[in-house]
Structures are given as structure tokens and as C-alpha cells.
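Asks: Take a look at start.cif, mmCIF, C-alpha atoms and all ligand atoms:
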```cif
data_query
#
loop_
_atom_site.group_PDB
_atom_site.id
_atom_site.type_symbol
_atom_site.label_atom_id
_atom_site.label_comp_id
_atom_site.auth_asym_id
_atom_site.auth_seq_id
_atom_site.Cartn_x
_atom_site.Cartn_y
_atom_site.Cartn_z
ATOM 1 C CA MET A 58 0.000 0.000 0.000
ATOM 2 C CA LYS A 59 1.077 3.544 -0.647
ATOM 3 C CA LEU A 60 0.779 5.891 2.308
ATOM 4 C CA SER A 61 1.450 9.578 2.797
ATOM 5 C CA VAL A 62 3.395 9.964 6.045
ATOM 6 C CA ASN A 63 4.842 13.243 7.256
ATOM 7 C CA GLY A 64 4.761 14.683 3.761
ATOM 8 C CA ARG A 65 6.420 11.722 2.068
ATOM 9 C CA ASP A 66 4.912 8.915 0.021
ATOM 10 C CA VAL A 67 5.951 5.539 1.376
ATOM 11 C CA ASN A 68 5.164 2.007 0.281
ATOM 12 C CA VAL A 69 4.402 -0.586 2.888
ATOM 13 C CA GLU A 70 3.743 -4.257 2.467
ATOM 14 C CA ALA A 71 1.118 -4.893 5.070
ATOM 15 C CA ALA A 72 -2.271 -6.508 5.401
ATOM 16 C CA PRO A 73 -5.007 -3.856 5.108
ATOM 17 C CA ASP A 74 -6.463 -4.825 8.451
ATOM 18 C CA ARG A 75 -3.235 -4.260 10.354
ATOM 19 C CA MET A 76 -3.433 -1.309 12.697
ATOM 20 C CA LEU A 77 -1.733 1.921 11.742
ATOM 21 C CA LEU A 78 0.202 2.132 15.037
ATOM 22 C CA GLN A 79 1.837 -1.221 14.387
ATOM 23 C CA VAL A 80 2.832 -0.241 10.849
ATOM 24 C CA LEU A 81 4.217 3.138 11.914
ATOM 25 C CA ARG A 82 6.313 1.664 14.705
ATOM 26 C CA GLU A 83 7.371 -1.672 13.255
ATOM 27 C CA ASP A 84 7.540 -1.094 9.499
ATOM 28 C CA LEU A 85 8.392 2.595 9.270
ATOM 29 C CA ASP A 86 10.431 2.942 12.453
ATOM 30 C CA LEU A 87 8.363 5.912 13.593
ATOM 31 C CA THR A 88 8.227 5.162 17.303
ATOM 32 C CA GLY A 89 6.915 8.503 18.555
ATOM 33 C CA ALA A 90 3.344 7.209 18.707
ATOM 34 C CA LYS A 91 3.189 4.933 21.746
ATOM 35 C CA TYR A 92 1.317 1.737 22.528
ATOM 36 C CA GLY A 93 -0.645 2.225 25.735
ATOM 37 C CA CYS A 94 -3.978 0.471 26.060
ATOM 38 C CA GLY A 95 -4.348 -0.771 22.493
ATOM 39 C CA GLU A 96 -8.086 -0.155 22.787
ATOM 40 C CA GLY A 97 -8.568 3.494 21.871
ATOM 41 C CA GLN A 98 -8.863 4.567 25.498
ATOM 42 C CA CYS A 99 -5.630 6.351 26.461
ATOM 43 C CA GLY A 100 -4.516 8.501 23.504
ATOM 44 C CA SER A 101 -0.804 7.621 23.635
ATOM 45 C CA CYS A 102 -0.959 6.366 20.028
ATOM 46 C CA THR A 103 -2.576 9.545 18.651
ATOM 47 C CA VAL A 104 -1.593 10.688 15.160
ATOM 48 C CA LEU A 105 -3.216 13.129 12.739
ATOM 49 C CA LEU A 106 -5.178 12.018 9.691
ATOM 50 C CA ASP A 107 -5.738 15.017 7.444
ATOM 51 C CA GLY A 108 -5.106 17.144 10.523
ATOM 52 C CA VAL A 109 -7.602 15.366 12.783
ATOM 53 C CA ALA A 110 -6.464 13.400 15.823
ATOM 54 C CA VAL A 111 -7.142 9.651 15.664
ATOM 55 C CA ARG A 112 -6.164 6.657 17.758
ATOM 56 C CA SER A 113 -3.763 4.758 15.545
ATOM 57 C CA CYS A 114 -4.032 1.581 17.649
ATOM 58 C CA ILE A 115 -7.593 1.041 16.425
ATOM 59 C CA THR A 116 -7.227 2.537 12.947
ATOM 60 C CA PRO A 117 -6.844 -0.118 10.256
ATOM 61 C CA LEU A 118 -4.458 0.587 7.429
ATOM 62 C CA LYS A 119 -7.192 0.275 4.820
ATOM 63 C CA SER A 120 -8.931 3.350 6.225
ATOM 64 C CA VAL A 121 -5.920 5.674 5.818
ATOM 65 C CA ALA A 122 -4.867 5.022 2.235
ATOM 66 C CA SER A 123 -5.993 8.352 0.819
ATOM 67 C CA LYS A 124 -5.222 10.468 3.875
ATOM 68 C CA LYS A 125 -2.249 12.499 5.005
ATOM 69 C CA ILE A 126 -0.763 10.940 8.137
ATOM 70 C CA THR A 127 1.214 13.122 10.521
ATOM 71 C CA THR A 128 3.146 11.683 13.445
ATOM 72 C CA ILE A 129 5.079 13.581 16.088
ATOM 73 C CA GLU A 130 8.211 13.085 13.982
ATOM 74 C CA GLY A 131 6.635 15.145 11.196
ATOM 75 C CA LEU A 132 5.415 18.078 13.232
ATOM 76 C CA GLU A 133 8.529 20.244 13.117
ATOM 77 C CA GLN A 134 9.146 22.113 9.894
ATOM 78 C CA ASP A 135 12.611 22.913 8.556
ATOM 79 C CA GLY A 136 14.168 22.168 11.927
ATOM 80 C CA LYS A 137 11.738 24.428 13.760
ATOM 81 C CA LEU A 138 9.499 22.927 16.419
ATOM 82 C CA HIS A 139 5.750 23.413 16.181
ATOM 83 C CA PRO A 140 4.419 26.091 18.595
ATOM 84 C CA VAL A 141 2.655 23.388 20.626
ATOM 85 C CA GLN A 142 5.955 21.521 21.011
ATOM 86 C CA GLU A 143 7.653 24.758 22.073
ATOM 87 C CA ALA A 144 4.917 25.461 24.606
ATOM 88 C CA PHE A 145 5.178 21.956 26.117
ATOM 89 C CA LEU A 146 8.919 22.511 26.559
ATOM 90 C CA ASP A 147 8.399 25.989 27.979
ATOM 91 C CA ARG A 148 5.846 24.747 30.533
ATOM 92 C CA ASP A 149 7.598 21.438 31.344
ATOM 93 C CA ALA A 150 4.334 19.797 30.429
ATOM 94 C CA PHE A 151 5.584 16.237 30.855
ATOM 95 C CA GLN A 152 7.278 13.965 33.325
ATOM 96 C CA CYS A 153 8.026 10.529 31.831
ATOM 97 C CA GLY A 154 6.979 11.745 28.379
ATOM 98 C CA TYR A 155 5.069 8.616 27.384
ATOM 99 C CA CYS A 156 1.803 10.450 26.762
ATOM 100 C CA THR A 157 3.460 13.536 25.274
ATOM 101 C CA PRO A 158 3.433 12.802 21.511
ATOM 102 C CA GLY A 159 -0.252 11.942 21.706
ATOM 103 C CA MET A 160 -1.007 14.971 23.878
ATOM 104 C CA ILE A 161 0.763 17.303 21.476
ATOM 105 C CA LEU A 162 -0.984 15.921 18.399
ATOM 106 C CA SER A 163 -4.372 16.052 20.123
ATOM 107 C CA ALA A 164 -3.624 19.666 21.037
ATOM 108 C CA VAL A 165 -2.704 20.498 17.438
ATOM 109 C CA SER A 166 -5.987 18.972 16.286
ATOM 110 C CA LEU A 167 -7.939 20.833 18.968
ATOM 111 C CA LEU A 168 -6.364 24.188 18.104
ATOM 112 C CA ALA A 169 -7.157 23.726 14.425
ATOM 113 C CA LYS A 170 -10.846 23.596 15.366
ATOM 114 C CA THR A 171 -10.767 25.890 18.402
ATOM 115 C CA PRO A 172 -7.911 28.375 18.015
ATOM 116 C CA LYS A 173 -8.454 30.185 21.345
ATOM 117 C CA PRO A 174 -9.710 27.533 23.744
ATOM 118 C CA THR A 175 -10.826 28.169 27.307
ATOM 119 C CA VAL A 176 -9.575 25.851 30.038
ATOM 120 C CA ALA A 177 -12.875 23.981 29.832
ATOM 121 C CA GLU A 178 -12.517 23.572 26.065
ATOM 122 C CA VAL A 179 -8.986 22.203 26.435
ATOM 123 C CA LYS A 180 -10.189 19.729 29.060
ATOM 124 C CA ARG A 181 -13.096 18.663 26.883
ATOM 125 C CA GLY A 182 -11.072 18.488 23.678
ATOM 126 C CA MET A 183 -8.290 16.420 25.190
ATOM 127 C CA ASN A 184 -10.457 14.328 27.438
ATOM 128 C CA GLY A 185 -9.404 11.053 25.819
ATOM 129 C CA ASN A 186 -5.680 11.580 26.431
ATOM 130 C CA ILE A 187 -4.472 10.139 29.709
ATOM 131 C CA CYS A 188 -1.304 11.225 31.536
ATOM 132 C CA ARG A 189 -0.348 8.746 34.235
ATOM 133 C CA CYS A 190 2.144 11.261 35.651
ATOM 134 C CA GLY A 191 -0.665 13.727 36.281
ATOM 135 C CA THR A 192 0.840 16.711 34.486
ATOM 136 C CA TYR A 193 -2.587 17.922 33.381
ATOM 137 C CA PRO A 194 -2.351 21.467 34.813
ATOM 138 C CA ARG A 195 0.876 22.121 32.907
ATOM 139 C CA ILE A 196 -0.476 20.495 29.746
ATOM 140 C CA ILE A 197 -3.522 22.783 29.840
ATOM 141 C CA GLU A 198 -1.264 25.801 30.361
ATOM 142 C CA ALA A 199 0.954 24.726 27.455
ATOM 143 C CA VAL A 200 -1.978 24.300 25.082
ATOM 144 C CA ARG A 201 -3.334 27.728 25.990
ATOM 145 C CA MET A 202 0.126 29.255 25.704
ATOM 146 C CA ALA A 203 0.485 27.804 22.199
ATOM 147 C CA ALA A 204 -2.885 29.341 21.382
ATOM 148 C CA GLY A 205 -1.698 32.739 22.602
ATOM 149 C CA VAL A 206 -4.381 32.964 25.273
ATOM 150 C CA LYS A 207 -1.938 32.515 28.173
ATOM 151 C CA SER A 208 1.538 34.004 28.476
HETATM 152 S S1 LIG B 1 -2.801 2.832 22.700
HETATM 153 FE FE1 LIG B 1 -4.221 3.722 21.348
HETATM 154 S S2 LIG B 1 -5.639 4.730 22.639
HETATM 155 FE FE2 LIG B 1 -4.320 3.692 24.012
HETATM 156 S S1 LIG B 2 4.188 12.545 31.311
HETATM 157 FE FE1 LIG B 2 4.173 10.480 31.999
HETATM 158 S S2 LIG B 2 2.282 9.729 31.233
HETATM 159 FE FE2 LIG B 2 2.189 11.842 30.818
#
```
Mind converting the file's structure to C-alpha cells?
Ligand code: FES
Ligand code: FES
Replies:
Amino acid sequence: MKLSVNGRDVNVEAAPDRMLLQVLREDLDLTGAKYGCGEGQCGSCTVLLDGVAVRSCITPLKSVASKKITTIEGLEQDGKLHPVQEAFLDRDAFQCGYCTPGMILSAVSLLAKTPKPTVAEVKRGMNGNICRCGTYPRIIEAVRMAAGVKS
């Protein structure tokens, strides 16, 4: 199958019902998306499909063929981090970092729909992303900082 990943066309030999997370990590060596629950419940495997956050652990390959896939590895442009990545660094919005790629991509997706989110909107929009280290207050601050609604 031909896929579009992080702006590049790649060919993968994989059964269409294999899950995208598995293909990204095992076939394409893109290990930023993490395996957490494997059931669509934790958000650690989040990637963007045409700019919208999806759980790659429950997304079969056959459903992504015509879509643009973005992983955390593809978020920076020309060596420059995405503003959400910068804000996470600025706010120390992580501890172990396991949830972070998924958090950042969910935030990018949220901000595309809601550019100036309130705290409540961030909480609602990122409700499906779990941080076992409990860094939620700093994550919320980082998302709002990236949106320019919090300095
Ligand atoms: S690993 Fe995909 S949602 Fe948890
Ligand atoms: S920083 Fe450890 S799970 Fe979120």
C-alpha cells in the first residue's frame, strides 16, 4: 500500500487490516506514537489524519490510504518545532513523556478547530488523552500558551 506519512509517500507491504500504530512503529520505524492500552482509550498512540487526531491503535491501514498521516516526527518544519511543542517545553508539560506525543498531536488537532480555547474547552477536547504522571495542569497551560491565550 502507498501511504502519505509526514509529507512523504511511502510504500508498505502490510495486510489492510493491520493497525496503523503497528505499521508506523514496526515497518516505518516511527516510534513517537506509543502503545498504551491498544483499545482506543488512552490517547498515547494519537496521530493526525488530514489534521484530525485519531487513535492509531484502532485505525486499520485500509482506512488511511488516501489520507495524510502526521506523526510527532513530522510536526517540526525545517528544523523548527511546532508552537505546541515549544509550549510543552516551555511549561515542562511532561514527566516521563510517554503520553506527550499523543497529547501534542491532540492539542494540534484541537487548536485547528478551536484556536483560542478556554480551560474547559482544552479539558473537553483532550479528554481522551491520559497522563499517568498527572501533568494535566501544565499540559492545559501549554496548550493555551500555544494558542496565545496565556503568556
Ligand atoms: S494505545 Fe491507542 S488509545 Fe491507548
Ligand atoms: S508525562 Fe508520563 S504519562 Fe504523561
Asks: Which of these, A:Arg75, A:Arg148, A:Arg195, A:Lys137, has the shortest distance to A:Cys114 once you count only C-alpha atoms?
Replies: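 Among A:Arg75, A:Arg148, A:Arg195, A:Lys137, it is A:Arg75 that comes nearest to A:Cys114.
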Asks: Could you tell me, counting all atoms listed in the file, which protein and nucleic acid residues lie no more than 10 Å from ligand LIG 1 (chain B), written as number ranges by chain?
Replies: A: 78, 90-104, 111-116, 156, 159, 185-187
Asks: Smallest atom-to-atom distance to A:Glu178: which of A:Gly191, A:Arg201, A:Asp135, A:Ala150, using only C-alpha atoms?
Replies: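 Answer, going by the shortest atom-to-atom distance: A:Arg201.
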Asks: 6 Å from ligand LIG 2 (chain B) is the threshold here; counting only C-alpha atoms and all ligand atoms, which polymer residues fall inside it? Answer as a compact mmCIF listing (two decimals) with C-alpha atoms, in the frame of the given file.
Replies:
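Wrote pocket.txt, looks like this:
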```
# COMPACT_ATOMS: atom_id res chain seq x y z
CA PHE A 151 5.58 16.24 30.86
CA GLN A 152 7.28 13.96 33.33
CA CYS A 153 8.03 10.53 31.83
CA GLY A 154 6.98 11.74 28.38
CA TYR A 155 5.07 8.62 27.38
CA CYS A 156 1.80 10.45 26.76
CA THR A 157 3.46 13.54 25.27
CA CYS A 188 -1.30 11.22 31.54
CA ARG A 189 -0.35 8.75 34.24
CA CYS A 190 2.14 11.26 35.65
```
Asks: Go ahead and compute the interatomic distance for atom CA of A:Ala144 and atom CA of A:Ala203, in Å to one decimal.
Replies: 5.6 Å
Asks: Do you know which residues the PyMOL selection byres (((chain A and resi 66) around 12) and not hetatm) returns on this file, as a VMD selection string?
Replies: chain A and resid 58 to 65 67 to 69 85 122 to 127
Asks: Using all atoms of stretch 76-94 of chain A listed in the file and a margin of 4 Å per side, can you give the axis-aligned box centre and edge lengths in Å to one decimal, as JSON?
Replies:
```
{"center_x": 3.2, "center_y": 3.4, "center_z": 17.7, "size_x": 22.4, "size_y": 18.2, "size_z": 24.8}
```
Asks: What separation in Å, quoted to one decimal, exists between atom CA of A:Pro140 and atom CA of A:Asp84?
Replies: 28.8 Å
Asks: Suppose you want the space between atom CA of A:Lys207 and atom CA of A:Leu105; what is it in Å?
Replies: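 These two atoms are separated by 24.8 Å.
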Asks: Between A:Ala169, A:Val176, A:Val206, A:Ile196, single out the one closest to A:Leu146, counting all atoms listed in the file.
Replies: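 Of A:Ala169, A:Val176, A:Val206, A:Ile196, the one nearest A:Leu146, counting all atoms listed in the file, is A:Ile196.
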Asks: When distances are computed from all atoms listed in the file, which of A:Ile197, A:Met160, A:Ala204, A:Leu77 shows the smallest separation from A:Lys173?
Replies: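 Counting all atoms listed in the file, the residue closest to A:Lys173 is A:Ala204.
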Asks: Given all atoms listed in the file as the basis, pick out the residue of A:Gly182, A:Gly136, A:Gly131, A:Gly108 nearest to A:Pro158.
Replies: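 The answer is A:Gly131, which sits nearest to A:Pro158.
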Asks: Starting from the sparse input, extend stretch 66-89 of chain A to N, CA and C atoms and give the output as a PDB file, keeping the file's coordinate frame.
Replies:
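Printed below is out35.pdb as written:
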```
ATOM      1  N   ASP A  66       5.624  10.129   0.430  1.00  0.00           N
ATOM      2  CA  ASP A  66       4.912   8.915   0.021  1.00  0.00           C
ATOM      3  C   ASP A  66       5.786   7.712   0.350  1.00  0.00           C
ATOM      4  N   VAL A  67       5.196   6.750   1.041  1.00  0.00           N
ATOM      5  CA  VAL A  67       5.951   5.539   1.376  1.00  0.00           C
ATOM      6  C   VAL A  67       5.129   4.320   0.974  1.00  0.00           C
ATOM      7  N   ASN A  68       5.836   3.268   0.592  1.00  0.00           N
ATOM      8  CA  ASN A  68       5.164   2.007   0.281  1.00  0.00           C
ATOM      9  C   ASN A  68       5.369   1.044   1.428  1.00  0.00           C
ATOM     10  N   VAL A  69       4.270   0.435   1.848  1.00  0.00           N
ATOM     11  CA  VAL A  69       4.402  -0.586   2.888  1.00  0.00           C
ATOM     12  C   VAL A  69       3.732  -1.865   2.405  1.00  0.00           C
ATOM     13  N   GLU A  70       4.362  -2.970   2.750  1.00  0.00           N
ATOM     14  CA  GLU A  70       3.743  -4.257   2.467  1.00  0.00           C
ATOM     15  C   GLU A  70       3.095  -4.715   3.754  1.00  0.00           C
ATOM     16  N   ALA A  71       1.805  -4.555   3.828  1.00  0.00           N
ATOM     17  CA  ALA A  71       1.118  -4.893   5.070  1.00  0.00           C
ATOM     18  C   ALA A  71      -0.326  -5.237   4.768  1.00  0.00           C
ATOM     19  N   ALA A  72      -0.869  -6.145   5.566  1.00  0.00           N
ATOM     20  CA  ALA A  72      -2.271  -6.508   5.401  1.00  0.00           C
ATOM     21  C   ALA A  72      -3.132  -5.299   5.709  1.00  0.00           C
ATOM     22  N   PRO A  73      -4.185  -5.049   4.918  1.00  0.00           N
ATOM     23  CA  PRO A  73      -5.007  -3.856   5.108  1.00  0.00           C
ATOM     24  C   PRO A  73      -5.682  -3.774   6.471  1.00  0.00           C
ATOM     25  N   ASP A  74      -5.816  -4.910   7.138  1.00  0.00           N
ATOM     26  CA  ASP A  74      -6.463  -4.825   8.451  1.00  0.00           C
ATOM     27  C   ASP A  74      -5.464  -4.706   9.604  1.00  0.00           C
ATOM     28  N   ARG A  75      -4.192  -4.556   9.275  1.00  0.00           N
ATOM     29  CA  ARG A  75      -3.235  -4.260  10.354  1.00  0.00           C
ATOM     30  C   ARG A  75      -3.483  -2.849  10.864  1.00  0.00           C
ATOM     31  N   MET A  76      -3.172  -2.630  12.128  1.00  0.00           N
ATOM     32  CA  MET A  76      -3.433  -1.309  12.697  1.00  0.00           C
ATOM     33  C   MET A  76      -2.300  -0.338  12.368  1.00  0.00           C
ATOM     34  N   LEU A  77      -2.691   0.904  12.153  1.00  0.00           N
ATOM     35  CA  LEU A  77      -1.733   1.921  11.742  1.00  0.00           C
ATOM     36  C   LEU A  77      -0.578   2.043  12.738  1.00  0.00           C
ATOM     37  N   LEU A  78      -0.869   1.980  14.037  1.00  0.00           N
ATOM     38  CA  LEU A  78       0.202   2.132  15.037  1.00  0.00           C
ATOM     39  C   LEU A  78       1.302   1.099  14.826  1.00  0.00           C
ATOM     40  N   GLN A  79       0.886  -0.124  14.587  1.00  0.00           N
ATOM     41  CA  GLN A  79       1.837  -1.221  14.387  1.00  0.00           C
ATOM     42  C   GLN A  79       2.715  -0.945  13.154  1.00  0.00           C
ATOM     43  N   VAL A  80       2.094  -0.494  12.098  1.00  0.00           N
ATOM     44  CA  VAL A  80       2.832  -0.241  10.849  1.00  0.00           C
ATOM     45  C   VAL A  80       3.796   0.931  11.030  1.00  0.00           C
ATOM     46  N   LEU A  81       3.335   1.990  11.690  1.00  0.00           N
ATOM     47  CA  LEU A  81       4.217   3.138  11.914  1.00  0.00           C
ATOM     48  C   LEU A  81       5.447   2.723  12.716  1.00  0.00           C
ATOM     49  N   ARG A  82       5.208   1.999  13.802  1.00  0.00           N
ATOM     50  CA  ARG A  82       6.313   1.664  14.705  1.00  0.00           C
ATOM     51  C   ARG A  82       7.206   0.561  14.148  1.00  0.00           C
ATOM     52  N   GLU A  83       6.584  -0.483  13.618  1.00  0.00           N
ATOM     53  CA  GLU A  83       7.371  -1.672  13.255  1.00  0.00           C
ATOM     54  C   GLU A  83       7.895  -1.635  11.821  1.00  0.00           C
ATOM     55  N   ASP A  84       7.114  -1.088  10.902  1.00  0.00           N
ATOM     56  CA  ASP A  84       7.540  -1.094   9.499  1.00  0.00           C
ATOM     57  C   ASP A  84       8.262   0.184   9.111  1.00  0.00           C
ATOM     58  N   LEU A  85       7.842   1.305   9.689  1.00  0.00           N
ATOM     59  CA  LEU A  85       8.392   2.595   9.270  1.00  0.00           C
ATOM     60  C   LEU A  85       9.331   3.206  10.311  1.00  0.00           C
ATOM     61  N   ASP A  86       9.494   2.490  11.430  1.00  0.00           N
ATOM     62  CA  ASP A  86      10.431   2.942  12.453  1.00  0.00           C
ATOM     63  C   ASP A  86      10.085   4.310  13.028  1.00  0.00           C
ATOM     64  N   LEU A  87       8.825   4.658  12.995  1.00  0.00           N
ATOM     65  CA  LEU A  87       8.363   5.912  13.593  1.00  0.00           C
ATOM     66  C   LEU A  87       7.785   5.563  14.963  1.00  0.00           C
ATOM     67  N   THR A  88       8.601   5.683  15.990  1.00  0.00           N
ATOM     68  CA  THR A  88       8.227   5.162  17.303  1.00  0.00           C
ATOM     69  C   THR A  88       7.697   6.240  18.251  1.00  0.00           C
ATOM     70  N   GLY A  89       7.447   7.442  17.701  1.00  0.00           N
ATOM     71  CA  GLY A  89       6.915   8.503  18.555  1.00  0.00           C
ATOM     72  C   GLY A  89       5.529   8.178  19.088  1.00  0.00           C
TER      73      GLY A  89
END
```
